[in-house]
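Read through the structure below, which is laid out as structure tokens, and then see the notes.
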Amino acid sequence: MSVSTTFTARLLGALHRFNAAHPWDHNAHHHRWVLRQLPRRFGAALDVGCGSGELARLLGRRAREVHGIDADAEIVARARESTDAAASVRYSVADASGPLPAGPYDVITCVAVLHHLPFTETLTRLGQQLTPGGTLVVVGCARASGPVDHALGLVALALNPLLGWAKNRGRAAHPPVSMTARTREPEMTFAEISRAARRLLPGARLRRRLFWRYTLVWRAPAGPPVR
């Protein structure tokens with residue numbers, strides 16, 4: 001093993017240990033951005049892959065009602081425990097690859113879960129569940145491929161410990177409940193996701209983001225739902 005390879009391995013190991021001691025939720029980091037894509041007030045919302053319910057509770061401040069679903073029964077139980085009984089937010093244990101709770105919905109959010117599911121079928125089903133003019137917002141994970149992804153990855157690698165330090169005020173911490181959900185490596189690249197999404201949801205806006213994420217926003221036509 002060369003000196004440079006040894007140094008790189010040690011550096012990455014040190015970064016991993018530091019990040020583990022100062023964890024922060026990359027998905028929750030995008031919640032403010034998600035809210036900026038939505039109207040100030042709306043009717044029904046569906047949060048797909050709700051996890052411990054952080055985004056669902058934020059949506060509940062604007063929505064008439066919010067339905068959060070997740071396939072992990074344990075984390076759904078934690079979401080219920082953390083949500084005020086008077087809030088207009090309810091949760092169900094449900095696999096989003098199957099039938100969704102009956103809509104339609106004015107807003108559908110899907111954060112870091114689409115890569116766990118059949119992409120084409122799930123994105124089509126989400127689009128079909130929107131009301132005319134409704135909004136779908138996705139924060140997703142893509143497989144790194146090409147110089148742009150690798151450049152963003154290097155920037156994120158450098159910024160990640162700095163944000164972890166700042167968010168934890170320099171103290172070691174345990175991971176938040178939201179970070180205990182099951183993970184899976186994405187299989188589709190951003191280019192593959194973009195091509196498929198724009199074919200399924202004409203007019204969808206997609207962007208690469210820092211911290212190994214991409215975003216998708218689509219507003220349903222003000223007419224009959226997409227079929």
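Letters for chains follow the order of the structure tokens (A, B, ...), residue numbers begin at 1 for each chain, and ligand numbers begin at 1 in the order shown.
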Q. Hey, what's within 7 Å of range 47-53 of chain A if we count only C-alpha atoms and toss same-chain stuff fewer than 4 positions away? As an MDAnalysis selection string, please?
A. chainID A and resid 57 67:70 75:76 78:79 96 108:111 113 177:178 181
Q.
Can you tell me, as a ChimeraX atom specification, which residues in range 31-79 of chain A count as helix (DSSP H, G or I) by DSSP?
A. /A:31-36,54-60,73-79
Output C-alpha atoms of each residue in that selection to a file, as a CSV table (one decimal), in the first residue's frame.
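result38.csv was written with the following content:
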```csv
chain,number,residue,atom,x,y,z
A,31,HIS,CA,-36.9,20.5,5.2
A,32,ARG,CA,-36.8,24.3,5.1
A,33,TRP,CA,-36.2,24.1,1.3
A,34,VAL,CA,-39.2,21.7,1.0
A,35,LEU,CA,-41.4,24.1,2.8
A,36,ARG,CA,-40.4,27.0,0.5
A,54,GLU,CA,-40.2,15.7,11.7
A,55,LEU,CA,-41.4,16.9,8.2
A,56,ALA,CA,-45.0,15.7,8.8
A,57,ARG,CA,-45.2,17.9,11.9
A,58,LEU,CA,-43.9,20.9,9.9
A,59,LEU,CA,-46.4,20.3,7.2
A,60,GLY,CA,-49.1,20.1,9.9
A,73,ALA,CA,-43.4,0.1,12.4
A,74,GLU,CA,-40.9,1.0,15.1
A,75,ILE,CA,-40.1,4.4,13.7
A,76,VAL,CA,-43.8,5.1,13.1
A,77,ALA,CA,-44.4,4.4,16.8
A,78,ARG,CA,-41.7,6.9,17.6
A,79,ALA,CA,-43.4,9.5,15.3
```
Neighbouring residues of Phe42 in chain A were defined as those with any atom within 10 Å, considering only C-alpha atoms; residues of the same chain fewer than 2 positions away were excluded. Please report them as a CSV table (one decimal) with N, CA, C and O atoms, in the first residue's frame.
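And here is the file that came out, part32.csv:
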```csv
chain,number,residue,atom,x,y,z
A,38,LEU,N,-43.8,25.1,-1.2
A,38,LEU,CA,-45.3,24.9,-0.9
A,38,LEU,C,-46.0,26.1,-0.6
A,38,LEU,O,-45.4,27.1,-0.2
A,39,PRO,N,-47.3,26.1,-0.9
A,39,PRO,CA,-48.2,27.3,-0.5
A,39,PRO,C,-48.1,27.5,1.0
A,39,PRO,O,-47.8,26.6,1.8
A,40,ARG,N,-48.5,28.7,1.5
A,40,ARG,CA,-48.5,28.9,2.9
A,40,ARG,C,-49.6,28.1,3.6
A,40,ARG,O,-49.5,27.7,4.8
A,44,ALA,N,-55.0,18.7,2.2
A,44,ALA,CA,-54.4,17.4,2.6
A,44,ALA,C,-53.0,17.2,2.1
A,44,ALA,O,-52.7,17.6,0.9
A,45,ALA,N,-52.1,16.7,2.9
A,45,ALA,CA,-50.8,16.4,2.5
A,45,ALA,C,-50.4,14.9,2.9
A,45,ALA,O,-50.9,14.4,3.9
A,59,LEU,N,-45.3,20.1,8.1
A,59,LEU,CA,-46.4,20.3,7.2
A,59,LEU,C,-47.7,20.5,7.9
A,59,LEU,O,-48.6,21.3,7.4
A,60,GLY,N,-47.9,19.9,9.1
A,60,GLY,CA,-49.1,20.1,9.9
A,60,GLY,C,-49.4,21.5,10.3
A,60,GLY,O,-50.5,21.9,10.6
A,61,ARG,N,-48.3,22.4,10.3
A,61,ARG,CA,-48.5,23.8,10.7
A,61,ARG,C,-49.2,24.6,9.5
A,61,ARG,O,-49.7,25.7,9.8
A,62,ARG,N,-49.2,24.0,8.3
A,62,ARG,CA,-49.8,24.7,7.2
A,62,ARG,C,-51.0,23.9,6.6
A,62,ARG,O,-51.9,24.5,6.0
A,63,ALA,N,-51.1,22.6,6.9
A,63,ALA,CA,-52.1,21.8,6.2
A,63,ALA,C,-53.4,21.6,7.1
A,63,ALA,O,-53.3,21.7,8.3
A,64,ARG,N,-54.5,21.3,6.4
A,64,ARG,CA,-55.7,20.9,7.1
A,64,ARG,C,-55.5,19.6,7.8
A,64,ARG,O,-55.9,19.3,8.9
A,65,GLU,N,-54.8,18.7,7.0
A,65,GLU,CA,-54.5,17.3,7.6
A,65,GLU,C,-53.3,16.8,6.9
A,65,GLU,O,-53.0,17.1,5.7
A,105,TYR,N,-54.3,14.4,-2.8
A,105,TYR,CA,-53.6,15.3,-1.9
A,105,TYR,C,-53.2,16.6,-2.6
A,105,TYR,O,-52.8,16.6,-3.8
A,106,ASP,N,-53.2,17.6,-1.9
A,106,ASP,CA,-52.7,18.9,-2.4
A,106,ASP,C,-51.2,19.0,-2.4
A,106,ASP,O,-50.6,19.7,-3.2
A,107,VAL,N,-50.6,18.2,-1.5
A,107,VAL,CA,-49.1,18.2,-1.4
A,107,VAL,C,-48.7,16.8,-1.1
A,107,VAL,O,-49.3,16.1,-0.2
A,134,GLY,N,-51.8,20.4,-7.6
A,134,GLY,CA,-51.0,20.0,-6.4
A,134,GLY,C,-49.5,19.9,-6.7
A,134,GLY,O,-49.1,19.9,-7.8
```
Q: May I ask for the distance between CA of Pro99 in chain A and CA of Gln128 in chain A, given in Å to one decimal place?
A: 11.7 Å
Q | Distance in Å - CA of Gln37 in chain A versus CA of Ala112 in chain A | A |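 Result for CA of Gln37 in chain A versus CA of Ala112 in chain A: 16.9 Å, one decimal.
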Q) Could you work out how far CA of Gly103 in chain A lies from CA of Gln129 in chain A, giving the answer in Å with one decimal? A) 5.6 Å
Proximity check range 54-172 of chain A to range 196-206 of chain A, 9 Å, nearest pairs one decimal Å, only C-alpha atoms, as CSV:
```
residue,atom,partner,partner_atom,distance
A:Phe119,CA,A:Ala196,CA,8.6
A:Thr120,CA,A:Ala196,CA,7.3
A:Leu123,CA,A:Leu200,CA,7.5
A:Thr124,CA,A:Leu200,CA,6.5
A:Gly127,CA,A:Leu201,CA,7.4
```
What would the file look like if the residues just selected were written as a PDB file, in the first residue's frame with C-alpha atoms?
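selection18.pdb, freshly written:
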```pdb
ATOM      1  CA  PHE A 119     -38.875   4.272  -9.292  1.00  0.00           C
ATOM      2  CA  THR A 120     -41.226   4.363 -12.284  1.00  0.00           C
ATOM      3  CA  LEU A 123     -43.359   8.246  -9.137  1.00  0.00           C
ATOM      4  CA  THR A 124     -46.332   7.544 -11.417  1.00  0.00           C
ATOM      5  CA  GLY A 127     -48.363  11.941  -9.511  1.00  0.00           C
TER       6      GLY A 127
END
```
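Distances here use only C-alpha atoms; by that measure, the residue among A:Val66, A:Val148, A:Ile193, A:Ala220 closest to Leu126 in chain A is A:Ala220.
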Please list as a tab-separated table (two decimals) with C-alpha atoms, in the first residue's frame every residue within 12 Å of Arg208 in chain A, counting only C-alpha atoms and excluding residues in the same chain fewer than 4 positions away.
```tsv
chain	number	residue	atom	x	y	z
A	138	VAL	CA	-38.90	14.87	-3.61
A	139	VAL	CA	-35.53	14.96	-1.89
A	140	GLY	CA	-33.75	11.90	-3.17
A	141	CYS	CA	-30.48	10.01	-3.24
A	142	ALA	CA	-28.66	9.17	-6.46
A	143	ARG	CA	-25.61	7.06	-7.28
A	144	ALA	CA	-22.59	9.24	-7.94
A	145	SER	CA	-21.50	9.20	-11.55
A	148	VAL	CA	-20.07	16.91	-11.31
A	149	ASP	CA	-21.25	14.33	-8.78
A	150	HIS	CA	-17.71	13.63	-7.63
A	151	ALA	CA	-16.93	17.35	-7.27
A	152	LEU	CA	-20.08	17.89	-5.18
A	153	GLY	CA	-19.15	14.83	-3.15
A	189	THR	CA	-27.67	8.00	-11.30
A	190	PHE	CA	-28.95	11.57	-11.36
A	191	ALA	CA	-28.97	11.49	-15.19
A	193	ILE	CA	-33.47	9.80	-12.61
A	194	SER	CA	-33.81	13.04	-14.56
A	212	TRP	CA	-25.45	13.45	-1.67
A	213	ARG	CA	-28.99	14.53	-2.52
A	214	TYR	CA	-31.04	15.75	-5.47
A	215	THR	CA	-34.40	17.52	-5.52
A	216	LEU	CA	-37.48	17.22	-7.72
```
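Distances here use only C-alpha atoms; by that measure, the residue among A:Ala102, A:Ala86, A:Met188, A:Leu46 closest to Leu114 in chain A is A:Met188.
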